[in-house]
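Chemist: Take a look at this one; I'll ask things after.
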Amino acid sequence: MDEVKVVVAHSERATLRVGDVFLKVDADQARIDVEVEAMALAPVPTPEVLWRKPSVLAIAAVPGTALGRLGEPSTASPAAWAAAGAAVRKLHEAPLPPWPGRRRRGPDELAAELNGECEWLVTNGVLPADLVARNRQVAEAALRPWTPVFTHGDLQIDHVFVDGGEVTGIIDWSEAGRGSALFDLTTLTLGHEEQLGDVVAGYGTDVDLDVIRAWWSLRSLLGVRWLVEHGFDPFAPGCEVDVLRSRM
C-alpha cells in the first residue's frame, strides 16, 4: 500500500502525495480554479488533472526530477537549466490569461509593500538594519514599469521537472496570471546565481541582469515574514537571508 506523504503544509494549503497522485487541499477555491485553467492554457508541459472537488485538486505526478531545491546544490546539467529558460520564454510569449493574477500588479504597489516589509523586519529585530537598507537600495532597480506577460508566478526551482536536457513538467500554477517576466526568471534562479547564465541563454533574449539581481533582493525582503509566519526557515543555508547577505 502506498504511504501518504506530506509534501508541504501550512495554514493556507497542503499538498499530499499518494503513489503517483498529488492531492492539493486549498482553503481558497479560487487558487484551485486558477491552477486548473492556467495548466490548460500554458504552452509547456504540465501535470494531468485527474479530478477536482471543492477545496481539493488531484493531479498526476510528472516524469523526471526537479531542477533542485533552494538551499541545496543543483545536480541538473547546464542543458537542463537552459531548457527551463526556453520553457519560460515560451510561456511568456503565450497570450495573456484572462485573469489579472494574484501577484502585485505594478511597481507602485510593490514599492509600498516593500517599504512596509522593510520596516517590519527592522522594527521586530528580524534582520539587521544595514542588511535591510542595502537590499532595499539594490531592489530599487526592480521598481520600474513592465509589460505584463503570462507568468507562472511561483516558479521555484523545485516546481520545474527535467529529464536530461528536456523539461518534462512544470507544477504548482495557483499563482499564475499576468505579471513581470523577470519575476519568473528571478524566482527560478533565486539562490542559484551560478545558473543564471544558462537560464538566460535558453530564454534567448536580452535580459537585464542587474534587474534580476534587484528582484532577488526584492523577492527575499518580501518573503521573509511570510516564511517565518508559515513555519518555514528563510535563515537556512542558501535560502532567502543568505541571498540578502550576498548583496552586502
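Lettering and numbering for the C-alpha cells are positional, with chains as A, B, ... in the shown order, residues counted from 1 in each chain, and ligands counted from 1 in the shown order.
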Need to verify the contact set: range 186-196 of chain A, 8 Å, only C-alpha atoms, exclusion of same-chain residues closer than 3 positions in sequence. Can you return it as a PDB file with N, CA and C atoms, in the first residue's frame?

Modeler:
```pdb
ATOM      1  N   LEU A  70      15.886  24.932  -3.203  1.00  0.00           N
ATOM      2  CA  LEU A  70      16.518  26.110  -2.624  1.00  0.00           C
ATOM      3  C   LEU A  70      17.339  25.698  -1.409  1.00  0.00           C
ATOM      4  N   GLY A  71      18.579  26.165  -1.356  1.00  0.00           N
ATOM      5  CA  GLY A  71      19.454  25.841  -0.246  1.00  0.00           C
ATOM      6  C   GLY A  71      20.312  24.619  -0.467  1.00  0.00           C
ATOM      7  N   PRO A  73      22.746  22.375  -3.537  1.00  0.00           N
ATOM      8  CA  PRO A  73      23.330  22.440  -4.883  1.00  0.00           C
ATOM      9  C   PRO A  73      22.461  21.688  -5.884  1.00  0.00           C
ATOM     10  N   PRO A  78      23.772  21.965 -17.264  1.00  0.00           N
ATOM     11  CA  PRO A  78      23.540  23.266 -17.898  1.00  0.00           C
ATOM     12  C   PRO A  78      22.456  23.204 -18.967  1.00  0.00           C
ATOM     13  N   TRP A  81      19.056  23.480 -17.319  1.00  0.00           N
ATOM     14  CA  TRP A  81      18.759  24.855 -16.930  1.00  0.00           C
ATOM     15  C   TRP A  81      18.407  25.701 -18.157  1.00  0.00           C
ATOM     16  N   ASP A 154       5.091  31.582  -9.349  1.00  0.00           N
ATOM     17  CA  ASP A 154       5.773  30.950  -8.210  1.00  0.00           C
ATOM     18  C   ASP A 154       6.748  29.901  -8.743  1.00  0.00           C
ATOM     19  N   LEU A 155       7.603  30.325  -9.674  1.00  0.00           N
ATOM     20  CA  LEU A 155       8.426  29.388 -10.436  1.00  0.00           C
ATOM     21  C   LEU A 155       9.678  28.975  -9.655  1.00  0.00           C
ATOM     22  N   GLN A 156       9.459  28.376  -8.501  1.00  0.00           N
ATOM     23  CA  GLN A 156      10.573  27.901  -7.688  1.00  0.00           C
ATOM     24  C   GLN A 156      11.280  26.742  -8.390  1.00  0.00           C
ATOM     25  N   ILE A 157      12.537  26.563  -8.028  1.00  0.00           N
ATOM     26  CA  ILE A 157      13.376  25.559  -8.680  1.00  0.00           C
ATOM     27  C   ILE A 157      12.766  24.159  -8.594  1.00  0.00           C
ATOM     28  N   LEU A 182      10.525  39.086 -15.579  1.00  0.00           N
ATOM     29  CA  LEU A 182      11.742  38.977 -14.773  1.00  0.00           C
ATOM     30  C   LEU A 182      11.456  38.383 -13.401  1.00  0.00           C
ATOM     31  N   PHE A 183      10.224  38.526 -12.911  1.00  0.00           N
ATOM     32  CA  PHE A 183       9.896  37.902 -11.627  1.00  0.00           C
ATOM     33  C   PHE A 183       9.988  36.382 -11.738  1.00  0.00           C
ATOM     34  N   VAL A 199      20.207  29.812 -17.818  1.00  0.00           N
ATOM     35  CA  VAL A 199      18.777  30.107 -17.956  1.00  0.00           C
ATOM     36  C   VAL A 199      18.553  31.200 -18.999  1.00  0.00           C
ATOM     37  N   VAL A 200      19.344  32.268 -18.929  1.00  0.00           N
ATOM     38  CA  VAL A 200      19.195  33.370 -19.875  1.00  0.00           C
ATOM     39  C   VAL A 200      19.541  32.918 -21.292  1.00  0.00           C
ATOM     40  N   ILE A 212      17.516  41.546 -12.608  1.00  0.00           N
ATOM     41  CA  ILE A 212      17.336  40.232 -11.988  1.00  0.00           C
ATOM     42  C   ILE A 212      17.908  40.246 -10.573  1.00  0.00           C
ATOM     43  N   ARG A 213      19.110  40.783 -10.417  1.00  0.00           N
ATOM     44  CA  ARG A 213      19.737  40.846  -9.083  1.00  0.00           C
ATOM     45  C   ARG A 213      18.903  41.711  -8.141  1.00  0.00           C
ATOM     46  N   TRP A 215      15.652  42.031  -8.311  1.00  0.00           N
ATOM     47  CA  TRP A 215      14.488  41.211  -7.953  1.00  0.00           C
ATOM     48  C   TRP A 215      14.850  40.162  -6.904  1.00  0.00           C
ATOM     49  N   TRP A 216      16.074  39.631  -6.932  1.00  0.00           N
ATOM     50  CA  TRP A 216      16.479  38.688  -5.878  1.00  0.00           C
ATOM     51  C   TRP A 216      16.359  39.338  -4.505  1.00  0.00           C
ATOM     52  N   ARG A 219      12.452  40.089  -3.857  1.00  0.00           N
ATOM     53  CA  ARG A 219      11.676  38.900  -3.518  1.00  0.00           C
ATOM     54  C   ARG A 219      12.033  38.382  -2.130  1.00  0.00           C
ATOM     55  N   GLY A 238      21.750  28.997   2.252  1.00  0.00           N
ATOM     56  CA  GLY A 238      21.421  29.119   0.839  1.00  0.00           C
ATOM     57  C   GLY A 238      20.047  29.693   0.550  1.00  0.00           C
ATOM     58  N   CYS A 239      19.279  29.999   1.588  1.00  0.00           N
ATOM     59  CA  CYS A 239      17.917  30.487   1.380  1.00  0.00           C
ATOM     60  C   CYS A 239      17.867  32.020   1.420  1.00  0.00           C
ATOM     61  N   GLU A 240      16.690  32.564   1.651  1.00  0.00           N
ATOM     62  CA  GLU A 240      16.454  33.991   1.417  1.00  0.00           C
ATOM     63  C   GLU A 240      17.404  34.915   2.163  1.00  0.00           C
ATOM     64  N   VAL A 243      20.671  34.968   0.547  1.00  0.00           N
ATOM     65  CA  VAL A 243      20.602  35.749  -0.692  1.00  0.00           C
ATOM     66  C   VAL A 243      20.773  37.231  -0.372  1.00  0.00           C
TER      67      VAL A 243
END
```

Chemist: Between A:Ala214, A:Leu96, A:Val207, A:Ala129, which is the closest to Gly179 in chain A once you count only C-alpha atoms?

Modeler: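 Of the candidates, the smallest distance to Gly179 in chain A is held by A:Leu96.
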
Chemist: Near Val132 in chain A, within 9 Å and counting only C-alpha atoms, which residues show up once chain neighbours fewer than 6 positions away are dropped, as a PyMOL selection string?

Modeler: chain A and resi 118-119+121-122+221+244

Chemist: Nearest residue to Asp108 in chain A out of A:Pro43, A:Gly204, A:Gly164, A:Pro145, using only C-alpha atoms?

Modeler: A:Pro145

Chemist: Do you know which residues are at most 9 Å from Gly64 in chain A counting only C-alpha atoms, after dropping those on the same chain fewer than 4 positions away, and could you put them as a PyMOL selection string?

Modeler: chain A and resi 161-164+167-169

Chemist: Which is closest to His10 in chain A among A:Trp99, A:Trp226, A:Trp51, A:Tyr203, if we use only C-alpha atoms?

Modeler: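 Residue with the minimum atom-to-atom distance to His10 in chain A: A:Trp226.
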
Chemist: Nearest to Ala42 in chain A among A:Asp210, A:Glu93, A:Glu117, A:Asp242, with distances taken over only C-alpha atoms: which residue is it?

Modeler: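 The answer is A:Glu93, which sits nearest to Ala42 in chain A.
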
Chemist: I'd like the contact shell of Ala111 in chain A - 10 Å cut-off, only C-alpha atoms, skipping same-chain residues fewer than 6 positions apart - returned as a PyMOL selection string.

Modeler: chain A and resi 104+117+136+139-140+142-144+218

Chemist: Looking at only C-alpha atoms, which of A:Leu110, A:Ala58, A:Val228, A:Val138 is the one that sits closest to Asp172 in chain A?

Modeler: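 Closest candidate: A:Ala58.
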
Chemist: So which residues touch range 33-36 of chain A within 10 Å, counting only C-alpha atoms, skipping near sequence neighbours fewer than 4 positions away, as a list in words?

Modeler: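 Once the nearby chain positions are removed, what remains is Asp28, Gln29, Ala40, Leu41, Pro47, Glu48, Val49, Arg52, Pro54, Ser55, Leu57, Ile59, Pro97, Trp99, Gly101, Arg102, His152, Ile171, Asp172, Trp173, Ser174, Glu175, Ala176 and Gly177 of chain A.
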
Chemist: Using only C-alpha atoms, which of the listed residues (A:Gly19, A:Val44, A:Leu114, A:Asp130) sits closest to Val224 in chain A?

Modeler: A:Leu114
